[in-house]
$ cat upload-v8.cif   # mmCIF, N, CA and C atoms
data_target
loop_
_atom_site.label_atom_id
_atom_site.label_comp_id
_atom_site.auth_asym_id
_atom_site.auth_seq_id
_atom_site.Cartn_x
_atom_site.Cartn_y
_atom_site.Cartn_z
N MET A 112 70.09 -49.35 -25.62
CA MET A 112 69.63 -48.11 -25.03
C MET A 112 69.04 -47.24 -26.14
N THR A 113 67.89 -46.64 -25.88
CA THR A 113 67.23 -45.81 -26.89
C THR A 113 67.93 -44.46 -26.97
N ARG A 114 67.59 -43.71 -28.01
CA ARG A 114 68.17 -42.38 -28.18
C ARG A 114 67.86 -41.48 -26.98
N LEU A 115 66.62 -41.57 -26.47
CA LEU A 115 66.23 -40.76 -25.32
C LEU A 115 67.04 -41.15 -24.09
N GLU A 116 67.22 -42.45 -23.89
CA GLU A 116 68.01 -42.90 -22.74
C GLU A 116 69.45 -42.42 -22.84
N HIS A 117 70.02 -42.45 -24.05
CA HIS A 117 71.37 -41.92 -24.25
C HIS A 117 71.43 -40.45 -23.86
N ARG A 118 70.44 -39.67 -24.31
CA ARG A 118 70.44 -38.24 -24.04
C ARG A 118 70.36 -37.94 -22.55
N VAL A 119 69.66 -38.76 -21.80
CA VAL A 119 69.50 -38.56 -20.37
C VAL A 119 70.76 -38.97 -19.61
N HIS A 120 71.46 -39.99 -20.09
CA HIS A 120 72.58 -40.57 -19.36
C HIS A 120 73.94 -40.13 -19.88
N GLU A 121 73.98 -39.25 -20.84
CA GLU A 121 75.25 -38.84 -21.43
C GLU A 121 75.38 -37.32 -21.44
N LEU A 122 76.63 -36.89 -21.54
CA LEU A 122 76.93 -35.46 -21.60
C LEU A 122 77.66 -35.17 -22.91
N THR A 123 77.37 -34.02 -23.48
CA THR A 123 78.17 -33.55 -24.62
C THR A 123 79.49 -33.06 -24.08
N VAL A 124 80.45 -32.85 -24.95
CA VAL A 124 81.74 -32.34 -24.50
C VAL A 124 81.58 -30.95 -23.88
N GLY A 125 80.66 -30.15 -24.42
CA GLY A 125 80.40 -28.82 -23.85
C GLY A 125 79.79 -28.90 -22.46
N GLN A 126 78.86 -29.82 -22.28
CA GLN A 126 78.25 -30.00 -20.96
C GLN A 126 79.28 -30.50 -19.95
N LEU A 127 80.13 -31.44 -20.37
CA LEU A 127 81.17 -31.95 -19.49
C LEU A 127 82.14 -30.83 -19.12
N ALA A 128 82.50 -30.01 -20.08
CA ALA A 128 83.40 -28.89 -19.82
C ALA A 128 82.77 -27.90 -18.83
N GLU A 129 81.52 -27.57 -19.06
CA GLU A 129 80.83 -26.62 -18.18
C GLU A 129 80.70 -27.16 -16.76
N ARG A 130 80.30 -28.39 -16.63
CA ARG A 130 80.07 -28.97 -15.29
C ARG A 130 81.37 -29.24 -14.55
N SER A 131 82.45 -29.55 -15.27
CA SER A 131 83.72 -29.86 -14.61
C SER A 131 84.62 -28.64 -14.45
N GLY A 132 84.34 -27.59 -15.22
CA GLY A 132 85.21 -26.41 -15.19
C GLY A 132 86.50 -26.62 -15.97
N ILE A 133 86.53 -27.62 -16.82
CA ILE A 133 87.72 -27.97 -17.62
C ILE A 133 87.46 -27.57 -19.07
N ALA A 134 88.46 -27.00 -19.70
CA ALA A 134 88.32 -26.58 -21.10
C ALA A 134 88.07 -27.78 -22.01
N VAL A 135 87.31 -27.55 -23.06
CA VAL A 135 87.02 -28.60 -24.05
C VAL A 135 88.33 -29.17 -24.59
N SER A 136 89.30 -28.31 -24.85
CA SER A 136 90.59 -28.80 -25.39
C SER A 136 91.28 -29.74 -24.40
N ALA A 137 91.16 -29.48 -23.10
CA ALA A 137 91.75 -30.37 -22.09
C ALA A 137 91.02 -31.71 -22.10
N LEU A 138 89.71 -31.69 -22.26
CA LEU A 138 88.94 -32.93 -22.33
C LEU A 138 89.35 -33.75 -23.55
N HIS A 139 89.55 -33.08 -24.67
CA HIS A 139 90.02 -33.77 -25.88
C HIS A 139 91.40 -34.39 -25.62
N PHE A 140 92.27 -33.64 -24.93
CA PHE A 140 93.60 -34.14 -24.60
C PHE A 140 93.50 -35.37 -23.70
N TYR A 141 92.68 -35.30 -22.66
CA TYR A 141 92.49 -36.44 -21.76
C TYR A 141 92.01 -37.66 -22.54
N GLU A 142 91.10 -37.42 -23.47
CA GLU A 142 90.59 -38.54 -24.27
C GLU A 142 91.69 -39.11 -25.16
N SER A 143 92.51 -38.25 -25.75
CA SER A 143 93.60 -38.74 -26.61
C SER A 143 94.63 -39.55 -25.83
N LYS A 144 94.75 -39.29 -24.55
CA LYS A 144 95.70 -40.02 -23.69
C LYS A 144 95.06 -41.24 -23.03
N GLY A 145 93.78 -41.48 -23.31
CA GLY A 145 93.11 -42.65 -22.78
C GLY A 145 92.64 -42.51 -21.34
N LEU A 146 92.60 -41.28 -20.83
CA LEU A 146 92.16 -41.04 -19.46
C LEU A 146 90.64 -41.09 -19.34
N ILE A 147 89.95 -40.65 -20.38
CA ILE A 147 88.50 -40.70 -20.43
C ILE A 147 88.11 -41.25 -21.81
N GLN A 148 86.86 -41.70 -21.90
CA GLN A 148 86.38 -42.27 -23.16
C GLN A 148 85.03 -41.66 -23.52
N SER A 149 84.78 -41.61 -24.81
CA SER A 149 83.47 -41.16 -25.29
C SER A 149 83.01 -42.14 -26.36
N ARG A 150 81.76 -42.02 -26.68
CA ARG A 150 81.26 -42.73 -27.86
C ARG A 150 80.92 -41.65 -28.87
N ARG A 151 80.79 -42.02 -30.10
CA ARG A 151 80.45 -41.06 -31.16
C ARG A 151 79.02 -41.30 -31.62
N THR A 152 78.31 -40.21 -31.83
CA THR A 152 76.95 -40.28 -32.36
C THR A 152 77.02 -40.52 -33.87
N ALA A 153 75.88 -40.71 -34.48
CA ALA A 153 75.82 -40.87 -35.93
C ALA A 153 76.39 -39.64 -36.63
N GLY A 154 76.29 -38.49 -35.98
CA GLY A 154 76.85 -37.24 -36.52
C GLY A 154 78.29 -37.00 -36.10
N ASN A 155 78.95 -38.01 -35.53
CA ASN A 155 80.34 -37.98 -35.10
C ASN A 155 80.60 -37.01 -33.94
N GLN A 156 79.60 -36.77 -33.12
CA GLN A 156 79.78 -35.93 -31.94
C GLN A 156 80.10 -36.81 -30.74
N ARG A 157 80.94 -36.28 -29.86
CA ARG A 157 81.33 -37.03 -28.66
C ARG A 157 80.19 -37.02 -27.65
N ARG A 158 80.02 -38.17 -26.99
CA ARG A 158 79.09 -38.27 -25.87
C ARG A 158 79.81 -39.01 -24.75
N PHE A 159 79.75 -38.45 -23.56
CA PHE A 159 80.43 -39.01 -22.40
C PHE A 159 79.42 -39.52 -21.40
N GLY A 160 79.72 -40.67 -20.81
CA GLY A 160 78.89 -41.16 -19.72
C GLY A 160 79.01 -40.22 -18.52
N ARG A 161 77.99 -40.17 -17.70
CA ARG A 161 78.00 -39.27 -16.54
C ARG A 161 79.13 -39.59 -15.56
N ASP A 162 79.58 -40.85 -15.53
CA ASP A 162 80.69 -41.20 -14.64
C ASP A 162 81.97 -40.47 -15.03
N THR A 163 82.04 -39.99 -16.27
CA THR A 163 83.23 -39.27 -16.73
C THR A 163 83.44 -38.00 -15.92
N LEU A 164 82.36 -37.41 -15.43
CA LEU A 164 82.48 -36.19 -14.62
C LEU A 164 83.33 -36.46 -13.38
N ARG A 165 83.09 -37.58 -12.71
CA ARG A 165 83.90 -37.93 -11.54
C ARG A 165 85.33 -38.27 -11.93
N ARG A 166 85.49 -38.92 -13.06
CA ARG A 166 86.84 -39.25 -13.51
C ARG A 166 87.64 -37.98 -13.80
N VAL A 167 87.01 -37.02 -14.43
CA VAL A 167 87.69 -35.75 -14.72
C VAL A 167 88.07 -35.06 -13.41
N SER A 168 87.19 -35.07 -12.44
CA SER A 168 87.50 -34.48 -11.14
C SER A 168 88.70 -35.18 -10.52
N PHE A 169 88.72 -36.49 -10.59
CA PHE A 169 89.84 -37.26 -10.04
C PHE A 169 91.14 -36.89 -10.75
N ILE A 170 91.09 -36.76 -12.07
CA ILE A 170 92.28 -36.39 -12.84
C ILE A 170 92.81 -35.04 -12.38
N ARG A 171 91.93 -34.06 -12.27
CA ARG A 171 92.35 -32.71 -11.88
C ARG A 171 92.92 -32.67 -10.46
N ILE A 172 92.27 -33.35 -9.54
CA ILE A 172 92.77 -33.38 -8.17
C ILE A 172 94.12 -34.08 -8.12
N SER A 173 94.25 -35.17 -8.83
CA SER A 173 95.51 -35.91 -8.86
C SER A 173 96.63 -35.06 -9.45
N GLN A 174 96.32 -34.33 -10.52
CA GLN A 174 97.31 -33.44 -11.12
C GLN A 174 97.70 -32.34 -10.13
N ARG A 175 96.74 -31.83 -9.42
CA ARG A 175 96.98 -30.73 -8.48
C ARG A 175 97.98 -31.14 -7.40
N VAL A 176 97.95 -32.40 -6.98
CA VAL A 176 98.90 -32.85 -5.96
C VAL A 176 100.19 -33.40 -6.57
N GLY A 177 100.32 -33.29 -7.89
CA GLY A 177 101.57 -33.62 -8.54
C GLY A 177 101.71 -35.03 -9.09
N ILE A 178 100.62 -35.74 -9.22
CA ILE A 178 100.69 -37.10 -9.78
C ILE A 178 100.78 -36.98 -11.31
N PRO A 179 101.76 -37.63 -11.92
CA PRO A 179 101.90 -37.57 -13.39
C PRO A 179 100.73 -38.26 -14.10
N LEU A 180 100.40 -37.77 -15.29
CA LEU A 180 99.29 -38.33 -16.05
C LEU A 180 99.44 -39.83 -16.30
N LYS A 181 100.65 -40.29 -16.48
CA LYS A 181 100.85 -41.72 -16.72
C LYS A 181 100.35 -42.54 -15.53
N GLN A 182 100.67 -42.09 -14.31
CA GLN A 182 100.21 -42.80 -13.11
C GLN A 182 98.70 -42.66 -12.94
N ILE A 183 98.16 -41.51 -13.30
CA ILE A 183 96.71 -41.32 -13.22
C ILE A 183 96.01 -42.30 -14.15
N LYS A 184 96.53 -42.43 -15.37
CA LYS A 184 95.94 -43.36 -16.33
C LYS A 184 96.01 -44.80 -15.81
N GLU A 185 97.15 -45.18 -15.25
CA GLU A 185 97.29 -46.53 -14.71
C GLU A 185 96.25 -46.78 -13.61
N ALA A 186 96.02 -45.78 -12.79
CA ALA A 186 95.03 -45.91 -11.72
C ALA A 186 93.62 -46.02 -12.30
N LEU A 187 93.30 -45.16 -13.25
CA LEU A 187 91.97 -45.18 -13.86
C LEU A 187 91.72 -46.49 -14.62
N ASP A 188 92.77 -47.07 -15.16
CA ASP A 188 92.62 -48.34 -15.89
C ASP A 188 92.19 -49.48 -14.97
N THR A 189 92.36 -49.33 -13.67
CA THR A 189 91.95 -50.38 -12.73
C THR A 189 90.47 -50.27 -12.37
N LEU A 190 89.83 -49.18 -12.77
CA LEU A 190 88.42 -48.97 -12.43
C LEU A 190 87.51 -49.65 -13.45
N PRO A 191 86.37 -50.12 -12.99
CA PRO A 191 85.42 -50.74 -13.92
C PRO A 191 84.78 -49.69 -14.82
N GLU A 192 84.51 -50.10 -16.05
CA GLU A 192 83.83 -49.21 -17.00
C GLU A 192 82.33 -49.28 -16.77
N GLU A 193 81.63 -48.32 -17.30
CA GLU A 193 80.17 -48.32 -17.32
C GLU A 193 79.50 -48.22 -15.95
N ARG A 194 80.24 -47.75 -14.95
CA ARG A 194 79.60 -47.43 -13.68
C ARG A 194 80.36 -46.29 -13.04
N THR A 195 79.67 -45.54 -12.24
CA THR A 195 80.32 -44.44 -11.54
C THR A 195 81.25 -45.01 -10.49
N PRO A 196 82.51 -44.57 -10.47
CA PRO A 196 83.43 -45.05 -9.44
C PRO A 196 82.91 -44.71 -8.04
N THR A 197 83.17 -45.60 -7.12
CA THR A 197 82.66 -45.45 -5.76
C THR A 197 83.68 -44.73 -4.87
N VAL A 198 83.23 -44.38 -3.68
CA VAL A 198 84.11 -43.79 -2.68
C VAL A 198 85.25 -44.77 -2.38
N GLU A 199 84.94 -46.04 -2.30
CA GLU A 199 85.96 -47.05 -2.03
C GLU A 199 87.01 -47.10 -3.15
N ASP A 200 86.55 -46.96 -4.41
CA ASP A 200 87.49 -46.92 -5.53
C ASP A 200 88.48 -45.77 -5.36
N TRP A 201 87.96 -44.59 -5.08
CA TRP A 201 88.82 -43.41 -4.94
C TRP A 201 89.75 -43.55 -3.74
N ALA A 202 89.25 -44.09 -2.64
CA ALA A 202 90.07 -44.26 -1.44
C ALA A 202 91.24 -45.21 -1.72
N ARG A 203 90.97 -46.29 -2.42
CA ARG A 203 92.02 -47.25 -2.76
C ARG A 203 93.09 -46.60 -3.64
N LEU A 204 92.65 -45.87 -4.65
CA LEU A 204 93.60 -45.24 -5.57
C LEU A 204 94.44 -44.19 -4.86
N SER A 205 93.81 -43.36 -4.05
CA SER A 205 94.56 -42.29 -3.38
C SER A 205 95.50 -42.88 -2.32
N GLN A 206 95.12 -43.97 -1.69
CA GLN A 206 95.99 -44.60 -0.69
C GLN A 206 97.28 -45.08 -1.33
N ASN A 207 97.21 -45.55 -2.56
CA ASN A 207 98.40 -46.02 -3.27
C ASN A 207 99.43 -44.90 -3.45
N TRP A 208 98.98 -43.66 -3.50
CA TRP A 208 99.88 -42.52 -3.72
C TRP A 208 100.31 -41.84 -2.42
N ARG A 209 99.75 -42.23 -1.32
CA ARG A 209 99.98 -41.54 -0.05
C ARG A 209 101.46 -41.49 0.33
N SER A 210 102.16 -42.61 0.28
CA SER A 210 103.57 -42.61 0.69
C SER A 210 104.42 -41.76 -0.24
N GLU A 211 104.11 -41.81 -1.53
CA GLU A 211 104.84 -40.97 -2.48
C GLU A 211 104.62 -39.49 -2.18
N LEU A 212 103.40 -39.13 -1.86
CA LEU A 212 103.11 -37.73 -1.52
C LEU A 212 103.78 -37.34 -0.20
N ASP A 213 103.78 -38.24 0.78
CA ASP A 213 104.47 -37.96 2.05
C ASP A 213 105.95 -37.72 1.81
N ASP A 214 106.57 -38.52 0.95
CA ASP A 214 108.00 -38.33 0.62
C ASP A 214 108.23 -36.98 -0.03
N ARG A 215 107.35 -36.60 -0.94
CA ARG A 215 107.48 -35.30 -1.60
C ARG A 215 107.34 -34.15 -0.62
N ILE A 216 106.40 -34.29 0.30
CA ILE A 216 106.20 -33.24 1.31
C ILE A 216 107.46 -33.08 2.15
N GLU A 217 108.05 -34.20 2.59
CA GLU A 217 109.30 -34.13 3.36
C GLU A 217 110.41 -33.46 2.56
N GLN A 218 110.51 -33.81 1.29
CA GLN A 218 111.54 -33.22 0.44
C GLN A 218 111.33 -31.71 0.30
N LEU A 219 110.09 -31.29 0.11
CA LEU A 219 109.80 -29.86 0.00
C LEU A 219 110.07 -29.12 1.31
N GLU A 220 109.78 -29.75 2.43
CA GLU A 220 110.06 -29.12 3.72
C GLU A 220 111.57 -28.93 3.90
N ARG A 221 112.37 -29.94 3.53
CA ARG A 221 113.83 -29.81 3.61
C ARG A 221 114.31 -28.70 2.69
N LEU A 222 113.77 -28.65 1.48
CA LEU A 222 114.15 -27.61 0.54
C LEU A 222 113.80 -26.24 1.09
N ARG A 223 112.61 -26.10 1.66
CA ARG A 223 112.19 -24.83 2.26
C ARG A 223 113.16 -24.43 3.37
N ASP A 224 113.50 -25.37 4.24
CA ASP A 224 114.40 -25.07 5.35
C ASP A 224 115.80 -24.71 4.86
N ASP A 225 116.29 -25.43 3.86
CA ASP A 225 117.60 -25.10 3.29
C ASP A 225 117.58 -23.73 2.63
N LEU A 226 116.48 -23.41 1.99
CA LEU A 226 116.37 -22.11 1.33
C LEU A 226 116.40 -20.99 2.37
N THR A 227 115.71 -21.18 3.48
CA THR A 227 115.71 -20.18 4.54
C THR A 227 117.13 -19.98 5.07
N ASP A 228 117.85 -21.09 5.31
CA ASP A 228 119.23 -20.99 5.79
C ASP A 228 120.11 -20.28 4.77
N CYS A 229 119.91 -20.59 3.51
CA CYS A 229 120.73 -20.01 2.45
C CYS A 229 120.50 -18.50 2.36
N ILE A 230 119.27 -18.10 2.40
CA ILE A 230 118.97 -16.67 2.33
C ILE A 230 119.51 -15.98 3.59
N GLY A 231 119.42 -16.69 4.71
CA GLY A 231 119.91 -16.13 5.98
C GLY A 231 121.40 -15.88 5.96
N CYS A 232 122.18 -16.79 5.33
CA CYS A 232 123.63 -16.61 5.33
C CYS A 232 124.05 -15.53 4.35
N GLY A 233 123.26 -15.31 3.33
CA GLY A 233 123.54 -14.24 2.37
C GLY A 233 124.60 -14.55 1.35
N CYS A 234 125.17 -15.76 1.38
CA CYS A 234 126.30 -16.02 0.46
C CYS A 234 125.85 -16.22 -0.97
N LEU A 235 124.84 -17.05 -1.15
CA LEU A 235 124.38 -17.42 -2.50
C LEU A 235 125.54 -17.79 -3.41
N SER A 236 126.57 -18.40 -2.83
CA SER A 236 127.77 -18.78 -3.57
C SER A 236 127.51 -19.97 -4.48
N LEU A 237 127.94 -19.87 -5.70
CA LEU A 237 127.81 -21.00 -6.62
C LEU A 237 128.83 -22.07 -6.31
N LYS A 238 129.86 -21.73 -5.51
CA LYS A 238 130.90 -22.71 -5.18
C LYS A 238 130.55 -23.49 -3.91
N THR A 239 129.95 -22.85 -2.92
CA THR A 239 129.76 -23.51 -1.63
C THR A 239 128.31 -23.64 -1.22
N CYS A 240 127.38 -23.08 -1.93
CA CYS A 240 125.98 -23.11 -1.56
C CYS A 240 125.41 -24.52 -1.68
N ALA A 241 124.79 -25.02 -0.61
CA ALA A 241 124.24 -26.38 -0.61
C ALA A 241 123.08 -26.52 -1.60
N LEU A 242 122.38 -25.44 -1.88
CA LEU A 242 121.27 -25.52 -2.84
C LEU A 242 121.77 -25.45 -4.27
N ALA A 243 122.72 -24.57 -4.53
CA ALA A 243 123.22 -24.43 -5.89
C ALA A 243 124.14 -25.59 -6.28
N ASN A 244 124.92 -26.08 -5.31
CA ASN A 244 125.88 -27.17 -5.55
C ASN A 244 125.78 -28.19 -4.41
N PRO A 245 124.76 -29.04 -4.44
CA PRO A 245 124.52 -29.94 -3.31
C PRO A 245 125.65 -30.95 -3.06
N TYR A 246 126.54 -31.18 -4.03
CA TYR A 246 127.60 -32.17 -3.84
C TYR A 246 128.93 -31.56 -3.44
N ASP A 247 128.97 -30.25 -3.22
CA ASP A 247 130.21 -29.58 -2.76
C ASP A 247 130.30 -29.60 -1.26
#
$ encode --input "upload-v8.cif" --output "structure tokens"
Amino acid sequence: MTRLEHRVHELTVGQLAERSGIAVSALHFYESKGLIQSRRTAGNQRRFGRDTLRRVSFIRISQRVGIPLKQIKEALDTLPEERTPTVEDWARLSQNWRSELDDRIEQLERLRDDLTDCIGCGCLSLKTCALANPYD
């Protein structure tokens, strides 16, 4: 690929940050954890493929729903390099997390309901409260 082709098909870290809304330091962190990759220019500057923009979006959305970075990396490692991930790729990855997210939602709903009951009773007892001492 010629220098001009690289410039057309790649983003600087600043461009990636601006387009994704993610801080440069977060992008550096993602790269250090192997979530995204860059190549280095002769001047040692980072250059990211345009597909990295979608990967960063996927990382942020996954984090927002509570998926740990380790699981996000494992998912991203299953994607092919050097091409933009497809809708099918994203659907497959998100489907793998669906049951885990459903379980979390149920747990949060139970917690919410228990919290409402606890506030309603007014006890907030450290000895008998089901939230403070679930095994009592």
$ residues_around --input "upload-v8.cif" --residues "Ile170 (chain A)" --least-positions-apart "6" --cutoff "8 Å" --atoms "only N, CA and C atoms" --output "NGL selection string"
:A and (164 or 176 or 180 or 183-184)
$ residues_around --input "upload-v8.cif" --residues "region 143-152 of chain A" --least-positions-apart "5" --cutoff "7 Å" --atoms "all atoms listed in the file" --output "VMD selection string"
chain A and resid 138 157 to 160 163 183 to 184 187
$ atom_distance --input "upload-v8.cif" --atom1 "atom C of Thr189 (chain A)" --atom2 "atom N of Glu121 (chain A)"
21.6 Å
$ closest_residue --input "upload-v8.cif" --among "A:Thr195, A:Gln218, A:Ser168, A:Gln206" --to "Leu127 (chain A)" --atoms "only C-alpha atoms"
A:Ser168
$ atom_distance --input "upload-v8.cif" --atom1 "CA of Phe169 (chain A)" --atom2 "CA of Ala202 (chain A)"
11.1 Å
$ closest_atom_pairs --input "upload-v8.cif" --of "region 148-217 of chain A" --to "region 222-225 of chain A" --cutoff "12 Å" --atoms "only C-alpha atoms" --output "tab-separated table"
residue	atom	partner	partner_atom	distance
A:Arg215	CA	A:Leu222	CA	10.4
A:Ile216	CA	A:Leu222	CA	9.8
A:Glu217	CA	A:Leu222	CA	8.6
$ atom_distance --input "upload-v8.cif" --atom1 "CA of Pro196 (chain A)" --atom2 "CA of Arg171 (chain A)"
15.4 Å
$ select_by_dssp --input "upload-v8.cif" --residues "region 119-197 of chain A" --states "strand (DSSP E)" --output "ChimeraX atom specification"
/A:121-123,150-151,157-160
$ select_by_dssp --input "upload-v8.cif" --residues "region 123-239 of chain A" --states "helix (DSSP H, G or I)" --output "ChimeraX atom specification"
/A:124-131,135-143,162-175,180-187,198-232
